[in-house]
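Enquirer: File structure36.txt follows (compact mmCIF, C-alpha atoms):
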# COMPACT_ATOMS: atom_id res chain seq x y z
CA MET A 1 15.97 49.91 -2.08
CA ASP A 2 17.41 48.54 1.16
CA GLN A 3 16.04 45.60 3.08
CA CYS A 4 14.03 47.79 5.46
CA GLU A 5 12.15 49.40 2.62
CA MET A 6 11.52 46.00 1.00
CA TRP A 7 10.21 44.62 4.29
CA ALA A 8 7.98 47.62 4.84
CA GLY A 9 6.71 47.45 1.27
CA TRP A 10 5.72 43.80 1.78
CA GLN A 11 3.84 44.80 4.94
CA SER A 12 1.90 47.50 3.02
CA ILE A 13 2.90 50.28 5.40
CA PRO A 14 4.75 53.53 4.77
CA ALA A 15 8.44 52.90 4.22
CA ILE A 16 10.37 53.98 7.30
CA ASN A 17 13.88 53.29 8.36
CA ARG A 18 13.85 50.77 11.19
CA CYS A 19 17.56 50.06 11.23
CA GLY A 20 18.94 49.81 14.75
CA THR A 21 15.59 50.47 16.45
CA ASP A 22 14.21 48.35 19.28
CA ARG A 23 12.17 45.48 17.84
CA THR A 24 9.60 45.53 20.64
CA ALA A 25 8.63 49.10 19.75
CA GLN A 26 7.47 47.89 16.35
CA SER A 27 4.44 45.95 17.65
CA PRO A 28 1.82 47.45 15.25
CA PHE A 29 3.78 46.06 12.32
CA ILE A 30 3.65 42.34 12.76
CA ASN A 31 4.72 39.89 10.11
CA ARG A 32 1.35 38.20 9.70
CA ARG A 33 2.95 35.35 7.84
CA ALA A 34 5.46 34.23 10.44
CA GLY A 35 4.19 35.95 13.57
CA TYR A 36 7.48 37.75 14.02
CA PRO A 37 7.81 41.46 14.52
CA ALA A 38 9.61 43.30 11.72
CA PRO A 39 13.32 42.61 12.13
CA PRO A 40 16.12 45.07 12.29
CA CYS A 41 18.17 45.56 9.17
CA GLY A 42 20.36 42.68 7.98
CA GLU A 43 18.45 39.92 9.69
CA THR A 44 15.75 39.34 7.08
CA SER A 45 17.80 36.96 4.96
CA GLU A 46 19.02 35.06 8.05
CA MET A 47 15.45 34.71 9.31
CA ASN A 48 14.32 33.47 5.92
CA GLU A 49 17.14 30.91 5.90
CA HIS A 50 16.24 29.93 9.45
CA GLU A 51 12.56 29.46 8.62
CA SER A 52 13.43 27.70 5.42
CA VAL A 53 15.69 25.20 7.19
CA ARG A 54 13.17 24.57 9.96
CA LYS A 55 10.65 23.53 7.33
CA LEU A 56 13.13 21.00 5.99
CA LEU A 57 13.83 19.35 9.35
CA PRO A 58 10.99 16.75 9.22
CA LEU A 59 12.01 15.67 5.75
CA ALA A 60 15.65 15.57 6.81
CA VAL A 61 15.02 12.98 9.51
CA ALA A 62 12.75 11.06 7.12
CA GLY A 63 15.62 10.76 4.65
CA ALA A 64 13.64 12.64 2.04
CA LEU A 65 16.09 15.41 1.20
CA GLU A 66 18.59 15.70 -1.63
CA PHE A 67 22.23 15.73 -0.60
CA LYS A 68 22.57 19.51 -1.06
CA GLU A 69 19.50 20.22 1.04
CA LEU A 70 20.65 17.85 3.74
CA ARG A 71 24.06 19.48 3.78
CA ARG A 72 22.41 22.89 4.11
CA VAL A 73 20.34 21.68 7.06
CA GLU A 74 23.36 20.20 8.79
CA GLN A 75 25.43 23.33 8.33
CA HIS A 76 22.67 25.57 9.65
CA ALA A 77 21.96 23.29 12.60
CA HIS A 78 25.66 23.32 13.45
CA ALA A 79 25.52 27.11 13.77
CA CYS A 80 22.00 27.54 15.18
CA GLU A 81 21.28 26.16 18.65
CA SER A 82 17.53 26.45 18.19
CA CYS A 83 17.49 24.46 14.97
CA SER A 84 19.95 21.97 16.39
CA HIS A 85 17.58 21.29 19.28
CA GLU A 86 14.65 21.07 16.90
CA LEU A 87 16.54 18.63 14.70
CA GLU A 88 17.27 16.41 17.67
CA THR A 89 13.57 16.43 18.55
CA TRP A 90 12.65 15.35 15.05
CA LYS A 91 15.29 12.64 15.17
CA ARG A 92 13.65 11.24 18.29
CA TYR A 93 10.31 11.16 16.51
CA ALA A 94 11.85 9.39 13.53
CA HIS A 95 13.56 6.87 15.80
CA ALA A 96 10.30 6.19 17.65
CA LEU A 97 8.44 5.71 14.38
CA ARG A 98 11.04 3.19 13.23
CA GLN A 99 10.70 1.37 16.53
CA LEU A 100 6.92 1.17 16.62
CA PRO A 101 5.77 -2.06 18.20
CA GLN A 102 5.11 -4.70 15.60
CA LEU A 103 1.57 -5.81 14.92
CA SER A 104 1.24 -9.56 15.14
CA VAL A 105 -0.32 -11.58 12.35
CA PRO A 106 -3.47 -13.41 13.52
CA PRO A 107 -2.93 -17.15 14.01
CA GLY A 108 -3.88 -19.22 11.01
CA LEU A 109 -4.06 -16.30 8.59
CA LEU A 110 -1.57 -17.90 6.22
CA GLU A 111 -3.48 -21.15 6.12
CA ARG A 112 -6.81 -19.42 5.59
CA THR A 113 -5.38 -17.30 2.83
CA HIS A 114 -3.73 -20.27 1.13
CA SER A 115 -6.97 -22.21 1.32
CA ARG A 116 -9.01 -19.34 -0.08
CA ILE A 117 -6.63 -18.96 -2.99
CA LEU A 118 -6.81 -22.66 -3.82
CA GLN A 119 -10.60 -22.69 -3.58
CA HIS A 120 -10.86 -19.64 -5.77
CA GLY A 121 -8.50 -21.21 -8.29
CA ALA A 122 -10.49 -24.44 -8.32
CA ALA A 123 -13.78 -22.55 -8.75
CA THR A 124 -12.29 -20.57 -11.58
CA GLY A 125 -11.02 -23.77 -13.14
CA ASP A 126 -14.43 -25.38 -12.83
CA ARG A 127 -16.07 -22.46 -14.53
CA ALA A 128 -13.52 -22.55 -17.31
CA ASN A 129 -13.96 -26.28 -17.78
CA SER A 130 -17.75 -25.94 -17.87
CA ILE A 131 -17.54 -23.23 -20.48
CA LEU A 132 -15.09 -25.30 -22.52
CA LEU A 133 -17.29 -28.40 -22.37
CA GLY A 134 -20.31 -26.38 -23.36
CA ALA A 135 -18.45 -24.88 -26.30
CA ILE A 136 -17.27 -28.32 -27.45
CA ALA A 137 -20.81 -29.71 -27.24
CA ILE A 138 -22.26 -26.83 -29.23
CA PHE A 139 -19.47 -27.13 -31.78
CA GLY A 140 -20.14 -30.82 -32.07
CA TRP A 141 -23.83 -30.25 -32.71
CA ALA A 142 -23.21 -27.50 -35.21
CA ALA A 143 -20.56 -29.54 -37.03
CA GLY A 144 -22.80 -32.58 -37.13
CA LEU A 145 -25.74 -30.62 -38.46
CA THR A 146 -23.60 -28.95 -41.09
CA LEU A 147 -22.11 -32.22 -42.25
CA TRP A 148 -25.58 -33.76 -42.44
CA VAL A 149 -26.88 -30.92 -44.61
CA LEU A 150 -23.80 -31.18 -46.85
CA ALA A 151 -24.15 -34.93 -47.10
CA ARG A 152 -27.79 -34.67 -48.11
CA GLY A 153 -26.95 -32.02 -50.66
CA LEU A 154 -24.08 -33.96 -52.21
CA THR A 155 -25.77 -37.35 -52.22
CA GLY A 156 -29.25 -36.23 -53.16
CA GLY A 157 -30.57 -37.24 -49.76
CA VAL A 158 -29.91 -40.97 -50.16
CA VAL A 159 -26.95 -42.96 -48.79
CA ASN A 160 -27.98 -46.56 -48.33
CA ILE A 161 -25.77 -48.86 -46.28
CA LEU A 162 -27.18 -52.22 -45.28
CA GLY A 163 -30.61 -50.96 -46.30
CA ILE A 164 -30.47 -47.92 -44.03
CA ASN A 165 -30.50 -44.36 -45.45
CA LEU A 166 -27.80 -42.71 -43.38
CA VAL A 167 -28.73 -39.18 -44.35
CA SER A 168 -32.44 -39.41 -43.60
CA PRO A 169 -33.82 -37.22 -40.79
CA GLN A 170 -34.49 -40.31 -38.67
CA SER A 171 -30.90 -41.51 -38.99
CA CYS A 172 -29.61 -38.08 -38.11
CA LEU A 173 -31.79 -37.98 -35.03
CA LEU A 174 -30.61 -41.39 -33.89
CA LEU A 175 -26.95 -40.49 -34.46
CA SER A 176 -27.40 -37.23 -32.53
CA ALA A 177 -28.89 -39.09 -29.60
CA VAL A 178 -25.94 -41.51 -29.51
CA LEU A 179 -23.43 -38.69 -29.66
CA THR A 180 -25.27 -36.84 -26.89
CA TRP A 181 -25.10 -39.87 -24.60
CA ILE A 182 -21.38 -40.31 -25.30
CA THR A 183 -20.66 -36.63 -24.57
CA ALA A 184 -22.73 -36.60 -21.39
CA THR A 185 -21.12 -39.78 -20.11
CA ALA A 186 -17.61 -38.48 -20.77
CA SER A 187 -18.42 -35.18 -19.02
CA ALA A 188 -19.86 -36.97 -16.01
CA VAL A 189 -16.78 -39.17 -15.67
CA ALA A 190 -14.48 -36.15 -15.92
CA PHE A 191 -16.52 -34.23 -13.35
CA VAL A 192 -16.47 -37.12 -10.86
CA ARG A 193 -12.71 -37.58 -11.25
CA HIS A 194 -12.13 -33.83 -10.74
CA SER A 195 -14.31 -33.80 -7.63
CA ASP A 196 -12.34 -36.73 -6.21
CA THR A 197 -9.08 -34.88 -6.83
CA ARG A 198 -10.33 -31.73 -5.10
CA SER A 199 -11.61 -33.61 -2.08
CA THR A 200 -8.20 -35.28 -1.81
CA LEU A 201 -6.48 -31.85 -1.78
CA MET B 1 20.65 -6.17 -9.15
CA LYS B 2 17.46 -6.03 -7.12
CA PRO B 3 17.98 -7.10 -3.49
CA GLU B 4 15.00 -9.42 -3.84
CA THR B 5 16.77 -11.37 -6.59
CA LEU B 6 19.47 -12.37 -4.13
CA CYS B 7 16.75 -14.06 -2.05
CA GLY B 8 15.33 -15.98 -5.04
CA ILE B 9 12.08 -14.06 -5.27
CA ASP B 10 12.10 -14.18 -9.05
CA ASP B 11 12.50 -17.94 -8.94
CA THR B 12 9.64 -18.20 -6.44
CA ILE B 13 7.39 -16.11 -8.65
CA ALA B 14 8.26 -18.23 -11.67
CA ARG B 15 7.26 -21.32 -9.71
CA VAL B 16 4.03 -19.66 -8.59
CA ARG B 17 3.23 -18.93 -12.23
CA ARG B 18 3.68 -22.60 -13.00
CA GLY B 19 1.17 -23.46 -10.27
CA ASP B 20 3.57 -24.69 -7.59
CA PRO B 21 1.59 -24.63 -4.27
CA ASP B 22 4.79 -24.72 -2.19
CA ALA B 23 6.03 -21.61 -3.95
CA LEU B 24 2.77 -19.88 -3.15
CA ALA B 25 3.11 -20.80 0.51
CA ASP B 26 6.67 -19.50 0.47
CA LEU B 27 5.57 -16.21 -1.02
CA LEU B 28 2.79 -15.79 1.53
CA ALA B 29 5.14 -16.50 4.42
CA ARG B 30 7.77 -14.10 3.12
CA TYR B 31 5.48 -11.06 3.03
CA GLN B 32 2.76 -11.86 5.56
CA HIS B 33 4.07 -9.68 8.39
CA ARG B 34 4.84 -6.61 6.29
CA LEU B 35 1.61 -6.76 4.32
CA TYR B 36 -0.61 -7.38 7.32
CA ARG B 37 1.10 -4.62 9.30
CA TYR B 38 0.60 -2.18 6.43
CA LEU B 39 -3.07 -3.04 5.98
CA SER B 40 -3.73 -2.94 9.72
CA ARG B 41 -2.15 0.47 9.95
CA LEU B 42 -4.21 1.70 7.04
CA VAL B 43 -7.69 0.37 7.81
CA GLN B 44 -7.34 0.17 11.62
CA ASN B 45 -9.52 -2.92 11.93
CA PRO B 46 -8.10 -6.45 12.34
CA ALA B 47 -10.99 -8.22 10.61
CA THR B 48 -10.91 -5.84 7.67
CA ALA B 49 -7.15 -6.07 7.46
CA GLU B 50 -7.37 -9.85 7.31
CA ASP B 51 -10.01 -9.76 4.59
CA LEU B 52 -8.00 -7.27 2.58
CA PHE B 53 -4.90 -9.41 3.13
CA GLN B 54 -6.64 -12.35 1.51
CA GLN B 55 -8.13 -10.22 -1.27
CA THR B 56 -4.70 -8.83 -2.02
CA TRP B 57 -3.22 -12.26 -2.52
CA LEU B 58 -6.20 -13.34 -4.61
CA ARG B 59 -5.66 -10.32 -6.83
CA VAL B 60 -1.93 -11.03 -6.97
CA MET B 61 -2.59 -14.59 -8.11
CA GLN B 62 -4.99 -13.33 -10.78
CA LYS B 63 -2.45 -10.84 -12.08
CA ILE B 64 0.80 -12.69 -11.43
CA GLY B 65 1.21 -13.16 -15.16
CA LYS B 66 1.31 -9.41 -15.65
CA TYR B 67 3.93 -8.73 -12.99
CA ASN B 68 7.08 -7.29 -14.48
CA THR B 69 10.06 -9.15 -13.00
CA GLY B 70 12.22 -6.11 -13.71
CA SER B 71 10.57 -4.20 -10.85
CA ARG B 72 10.43 -4.94 -7.14
CA PHE B 73 7.78 -7.44 -6.12
CA ASP B 74 7.10 -5.85 -2.74
CA THR B 75 6.32 -2.51 -4.40
CA TRP B 76 3.88 -4.21 -6.76
CA LEU B 77 2.35 -6.21 -3.91
CA PHE B 78 1.86 -3.11 -1.79
CA SER B 79 0.36 -1.19 -4.72
CA VAL B 80 -2.26 -3.94 -5.11
CA ALA B 81 -2.95 -3.80 -1.37
CA HIS B 82 -3.09 -0.01 -1.49
CA ASN B 83 -5.73 0.00 -4.22
CA LEU B 84 -7.89 -2.52 -2.39
CA ALA B 85 -7.56 -0.69 0.91
CA ILE B 86 -8.34 2.69 -0.60
CA ASP B 87 -11.40 1.25 -2.35
CA HIS B 88 -12.54 -0.17 0.96
CA LEU B 89 -11.99 3.10 2.79
CA ARG B 90 -13.89 5.00 0.13
CA ARG B 91 -16.79 2.62 0.43
CA GLN B 92 -16.71 3.08 4.16
CA ARG B 93 -16.81 6.85 3.56
CA VAL B 94 -14.26 7.42 6.31
CA SER B 95 -13.59 11.09 6.85
CA SER B 96 -9.96 11.96 6.16
CA LEU B 97 -9.97 14.66 8.79
CA ASP B 98 -11.40 12.83 11.75
CA VAL B 99 -10.48 9.17 11.85
CA SER B 100 -11.48 7.31 14.98
CA ASP B 101 -9.53 4.34 16.24
CA GLU B 102 -11.80 1.32 15.90
CA THR B 103 -9.36 -1.05 17.53
CA GLY B 104 -8.48 1.01 20.62
CA THR B 105 -7.05 -1.19 23.33
CA THR B 106 -7.29 -4.25 21.10
CA LEU B 107 -4.57 -2.86 18.88
CA SER B 108 -2.44 -1.85 21.85
CA GLU B 109 -2.82 -5.25 23.42
CA ARG B 110 -1.51 -6.92 20.29
CA LEU B 111 1.65 -4.87 20.19
CA VAL B 112 4.95 -6.55 20.90
CA SER B 113 7.93 -4.68 22.26
CA GLY B 114 11.49 -5.68 21.41
CA SER B 115 13.31 -4.16 24.45
CA PRO B 116 14.83 -6.69 26.86
CA ASP B 117 14.76 -4.55 30.05
CA PRO B 118 11.38 -4.62 31.84
CA LEU B 119 11.31 -0.88 32.58
CA GLU B 120 12.47 -0.09 29.07
CA GLN B 121 9.83 -2.46 27.78
CA LEU B 122 7.19 -0.58 29.73
CA LEU B 123 8.43 2.80 28.55
CA ASP B 124 8.77 1.59 24.99
CA SER B 125 5.33 0.08 25.14
CA GLU B 126 3.74 3.25 26.45
CA ARG B 127 5.65 5.42 24.02
CA GLY B 128 4.80 3.14 21.15
CA ALA B 129 1.15 2.99 22.16
CA LEU B 130 0.97 6.79 22.35
CA LEU B 131 2.64 7.18 19.00
CA GLY B 132 0.50 4.46 17.46
CA ALA B 133 -2.67 6.06 18.83
CA ALA B 134 -1.62 9.43 17.42
CA MET B 135 -0.93 7.81 14.06
CA ASN B 136 -4.37 6.26 14.06
CA LYS B 137 -5.87 9.74 14.28
CA LEU B 138 -4.09 10.91 11.16
CA PRO B 139 -5.80 11.02 7.75
CA ASP B 140 -5.46 7.79 5.77
CA ILE B 141 -2.95 9.11 3.26
CA HIS B 142 -0.74 10.55 6.02
CA ARG B 143 -0.87 7.38 8.04
CA GLU B 144 -0.01 5.37 4.96
CA VAL B 145 3.02 7.42 3.97
CA ILE B 146 4.46 7.29 7.50
CA SER B 147 3.91 3.55 7.68
CA LEU B 148 5.55 2.90 4.33
CA ARG B 149 8.50 5.17 5.06
CA PHE B 150 9.29 4.34 8.67
CA GLU B 151 7.81 0.89 9.24
CA GLU B 152 8.38 -0.66 5.83
CA GLY B 153 11.52 1.34 5.07
CA MET B 154 10.43 1.99 1.51
CA LYS B 155 12.20 4.57 -0.60
CA LEU B 156 10.23 7.60 -1.69
CA GLU B 157 10.17 6.36 -5.28
CA GLN B 158 8.62 3.09 -4.12
CA ILE B 159 6.03 4.92 -2.03
CA ALA B 160 5.16 7.01 -5.08
CA GLU B 161 4.73 3.85 -7.12
CA VAL B 162 2.58 2.18 -4.46
CA GLY B 163 0.28 5.18 -4.21
CA GLY B 164 0.35 6.05 -7.89
CA VAL B 165 1.33 9.65 -7.12
CA PRO B 166 4.30 11.87 -8.03
CA LEU B 167 7.41 11.98 -5.85
CA SER B 168 6.68 15.58 -4.90
CA THR B 169 3.30 14.52 -3.56
CA VAL B 170 4.93 11.87 -1.40
CA LYS B 171 7.32 14.42 0.08
CA SER B 172 4.50 16.85 0.70
CA ARG B 173 2.38 14.21 2.40
CA LEU B 174 5.32 13.02 4.47
CA HIS B 175 6.05 16.54 5.64
CA ARG B 176 2.43 17.26 6.55
CA ALA B 177 2.04 13.87 8.18
CA LEU B 178 5.04 14.36 10.47
CA GLU B 179 4.00 17.87 11.38
CA SER B 180 0.48 16.72 12.12
CA LEU B 181 1.69 13.75 14.16
CA ARG B 182 3.92 15.91 16.29
CA ALA B 183 1.19 18.51 16.78
CA ARG B 184 -1.22 15.84 18.01
CA LEU B 185 1.32 14.34 20.39
CA GLU B 186 2.34 17.69 21.77
CA ALA B 187 -1.28 18.70 22.20
CA ARG B 188 -1.82 15.58 24.22
CA CYS B 189 1.45 15.20 26.07
CA GLY B 190 3.23 18.54 25.86
CA SER B 191 6.53 19.15 24.11
CA VAL B 192 8.94 16.21 23.85
Go ahead and express the file in the form of structure tokens.
Expert:
Amino acid sequence: MDQCEMWAGWQSIPAINRCGTDRTAQSPFINRRAGYPAPPCGETSEMNEHESVRKLLPLAVAGALEFKELRRVEQHAHACESCSHELETWKRYAHALRQLPQLSVPPGLLERTHSRILQHGAATGDRANSILLGAIAIFGWAAGLTLWVLARGLTGGVVNILGINLVSPQSCLLLSAVLTWITATASAVAFVRHSDTRSTL
Amino acid sequence: MKPETLCGIDDTIARVRRGDPDALADLLARYQHRLYRYLSRLVQNPATAEDLFQQTWLRVMQKIGKYNTGSRFDTWLFSVAHNLAIDHLRRQRVSSLDVSDETGTTLSERLVSGSPDPLEQLLDSERGALLGAAMNKLPDIHREVISLRFEEGMKLEQIAEVGGVPLSTVKSRLHRALESLRARLEARCGSV
């Protein structure tokens, strides 16, 4: 099967020999894909190469082709005036894109960003510290309660020192209150010191 | 060796991880122009670009511990920015086929030309404004790939990493973006 028959077969028309005939007389048989009339014999592969290279031109100027593809484009453009002109056009586009006017950064953006990052970091730190303090307080309470229960169990509920039963419910309550005051005072001092540091920054 | 290593970026990042505020300021200054330009090009709104700029750096600071020093920092930075910008655009429900330029003359007025000759400056400015306006009409993903390739000078592999897409997708988008850009310009101005 020669190229004419292959071309005609692709077009879904009866196979006829078009070799050497005037292309303009072939108007009913248009290549719907490329908009070209059916070519004379021998030019199909060249046209395919031509179309194929033209599709590569944008990527060529964008530096997106492999070396072999780029070489193929250059060789074809060297021999084809149309593609050479097209390549130059694409090069101008690429050059213009690389030379786009630069957008200026708004004044103070760096400072605002830096400040926002520091504030966010401080807020995150505050949350972490609050959670940590809360966890320590709860642990303290739980540990104290557990030790009290163990002490009562081991001592039979009576540990007298200076006439005071240290494991009685009243003693436990008093001790808890003292520990609570100590914890709250320490937390308040830490919070005030941290606030002073942040206001200094 | 990564080019960034020669400029001490790894050392700067190590200092940022240790909480050095000067290192943070250094990092911000180093990438402010590129990052802001990229976000502006993508979202086409100065206020949004600024907000996303700040959000990007917040996210970077949150995840700085997870950054792999074996890869390029700018690629990682731009991928964070890309994700935030795309999330924003999706929330805005911007049509990818018909993007309007929200900044209009404001964007053009903020452009700076580098040509010394006054006439060349004027021509460059007009040409740049036309090209920039045409770019603003492109779909987001096309605008992004052109910006990363031609403005940021990123390699295709980096662009693929920023966008989280295969290399073939980047090439396809780049091809369609350039064709579309040229078609819009020629429709407006005639053939170049």
Enquirer: With a cut-off of 6 Å and counting all atoms listed in the file, select all residues of chain A in contact with chain B and give the selection as a PyMOL selection string.
Expert: chain A and resi 97-98+100-103+113+117
Enquirer: Could you pull the residues within 9 Å of Leu89 of chain B, counting all atoms listed in the file, minus those fewer than 5 positions along the same chain, as a list in words?
Expert: Leu42, Val43, Leu84, Val94 and Asp140 of chain B
Enquirer: How about saving the chosen residues, C-alpha atoms kept, as a CSV table (one decimal), in the coordinates of the input?
Expert:
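Done, and the output landed in result.csv:
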chain,number,residue,atom,x,y,z
B,42,LEU,CA,-4.2,1.7,7.0
B,43,VAL,CA,-7.7,0.4,7.8
B,84,LEU,CA,-7.9,-2.5,-2.4
B,94,VAL,CA,-14.3,7.4,6.3
B,140,ASP,CA,-5.5,7.8,5.8
Enquirer: As an exercise, work out the distance from atom CA of Ile9 of chain B to atom CA of Asp22 of chain B in Å and give it to one decimal place.
Expert: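 These two atoms are separated by 13.3 Å.
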Enquirer: When you count all atoms listed in the file, which of these residues is closest to His85 of chain A: A:Leu57, A:Ala135, A:Leu173, A:Leu147?
Expert: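 Of A:Leu57, A:Ala135, A:Leu173, A:Leu147, the one nearest His85 of chain A is A:Leu57, counting all atoms listed in the file.
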Enquirer: Select, counting all atoms listed in the file, all protein, DNA and RNA residues no farther than 10 Å from (2.2, -5.1, -4.0) in file coordinates, and express the selection as an mmCIF file with C-alpha atoms, in the frame of the given file.
Expert:
data_model
loop_
_atom_site.group_PDB
_atom_site.id
_atom_site.type_symbol
_atom_site.label_atom_id
_atom_site.label_comp_id
_atom_site.auth_asym_id
_atom_site.auth_seq_id
_atom_site.Cartn_x
_atom_site.Cartn_y
_atom_site.Cartn_z
ATOM 1 C CA TYR B 31 5.480 -11.060 3.030
ATOM 2 C CA LEU B 35 1.610 -6.760 4.320
ATOM 3 C CA THR B 56 -4.700 -8.830 -2.020
ATOM 4 C CA TRP B 57 -3.220 -12.260 -2.520
ATOM 5 C CA ARG B 59 -5.660 -10.320 -6.830
ATOM 6 C CA VAL B 60 -1.930 -11.030 -6.970
ATOM 7 C CA TYR B 67 3.930 -8.730 -12.990
ATOM 8 C CA ARG B 72 10.430 -4.940 -7.140
ATOM 9 C CA PHE B 73 7.780 -7.440 -6.120
ATOM 10 C CA ASP B 74 7.100 -5.850 -2.740
ATOM 11 C CA THR B 75 6.320 -2.510 -4.400
ATOM 12 C CA TRP B 76 3.880 -4.210 -6.760
ATOM 13 C CA LEU B 77 2.350 -6.210 -3.910
ATOM 14 C CA PHE B 78 1.860 -3.110 -1.790
ATOM 15 C CA SER B 79 0.360 -1.190 -4.720
ATOM 16 C CA VAL B 80 -2.260 -3.940 -5.110
ATOM 17 C CA ALA B 81 -2.950 -3.800 -1.370
ATOM 18 C CA HIS B 82 -3.090 -0.010 -1.490
ATOM 19 C CA ASN B 83 -5.730 0.000 -4.220
ATOM 20 C CA GLU B 161 4.730 3.850 -7.120
ATOM 21 C CA VAL B 162 2.580 2.180 -4.460
#
Enquirer: Which one of A:Ser187, A:Val167, A:Ile131, A:Glu86 sits closest to Thr155 of chain A if you count all atoms listed in the file?
Expert: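 So, comparing all the options, the nearest one is A:Val167.
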Enquirer: Please indicate the distance in Å from atom CA of Ile159 of chain B to atom CA of Arg173 of chain B, rounded to one decimal place.
Expert: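 So the two atoms, atom CA of Ile159 of chain B and atom CA of Arg173 of chain B, lie 10.9 Å apart.
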Enquirer: Please measure the separation of atom CA of Gly156 of chain A and atom CA of Ala137 of chain A, giving the value in Å to one decimal.
Expert: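 These atoms are spaced 28.0 Å apart.
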Enquirer: Export segment 133-138 of chain B from the structure block above, keeping all heavy atoms, as a short mmCIF file (atom, residue, chain, number, x, y, z; two decimals), in the first residue's frame.
Expert:
data_model
loop_
_atom_site.label_atom_id
_atom_site.label_comp_id
_atom_site.auth_asym_id
_atom_site.auth_seq_id
_atom_site.Cartn_x
_atom_site.Cartn_y
_atom_site.Cartn_z
N ALA B 133 -1.34 41.42 31.46
CA ALA B 133 -2.81 41.39 31.41
C ALA B 133 -3.29 40.10 30.76
O ALA B 133 -4.28 39.50 31.20
CB ALA B 133 -3.33 42.59 30.64
N ALA B 134 -2.60 39.68 29.71
CA ALA B 134 -2.97 38.42 29.04
C ALA B 134 -2.75 37.24 29.98
O ALA B 134 -3.54 36.30 30.02
CB ALA B 134 -2.15 38.23 27.77
N MET B 135 -1.67 37.30 30.75
CA MET B 135 -1.40 36.22 31.70
C MET B 135 -2.49 36.14 32.76
O MET B 135 -2.88 35.06 33.21
CB MET B 135 -0.05 36.43 32.38
CG MET B 135 1.10 35.75 31.69
SD MET B 135 2.61 35.80 32.64
CE MET B 135 2.22 34.78 34.03
N ASN B 136 -2.97 37.31 33.17
CA ASN B 136 -4.00 37.33 34.21
C ASN B 136 -5.31 36.70 33.75
O ASN B 136 -6.16 36.36 34.58
CB ASN B 136 -4.26 38.77 34.66
CG ASN B 136 -3.08 39.34 35.43
OD1 ASN B 136 -2.26 38.59 35.95
ND2 ASN B 136 -2.98 40.64 35.48
N LYS B 137 -5.48 36.60 32.43
CA LYS B 137 -6.71 35.99 31.90
C LYS B 137 -6.61 34.47 31.79
O LYS B 137 -7.60 33.80 31.54
CB LYS B 137 -7.00 36.55 30.50
CG LYS B 137 -7.25 38.05 30.47
CD LYS B 137 -8.57 38.41 31.07
CE LYS B 137 -8.88 39.90 30.91
NZ LYS B 137 -10.15 40.27 31.56
N LEU B 138 -5.40 33.96 31.96
CA LEU B 138 -5.21 32.53 31.84
C LEU B 138 -5.80 31.80 33.04
O LEU B 138 -5.94 32.37 34.12
CB LEU B 138 -3.71 32.20 31.75
CG LEU B 138 -2.96 32.65 30.51
CD1 LEU B 138 -1.48 32.31 30.65
CD2 LEU B 138 -3.53 31.99 29.26
#
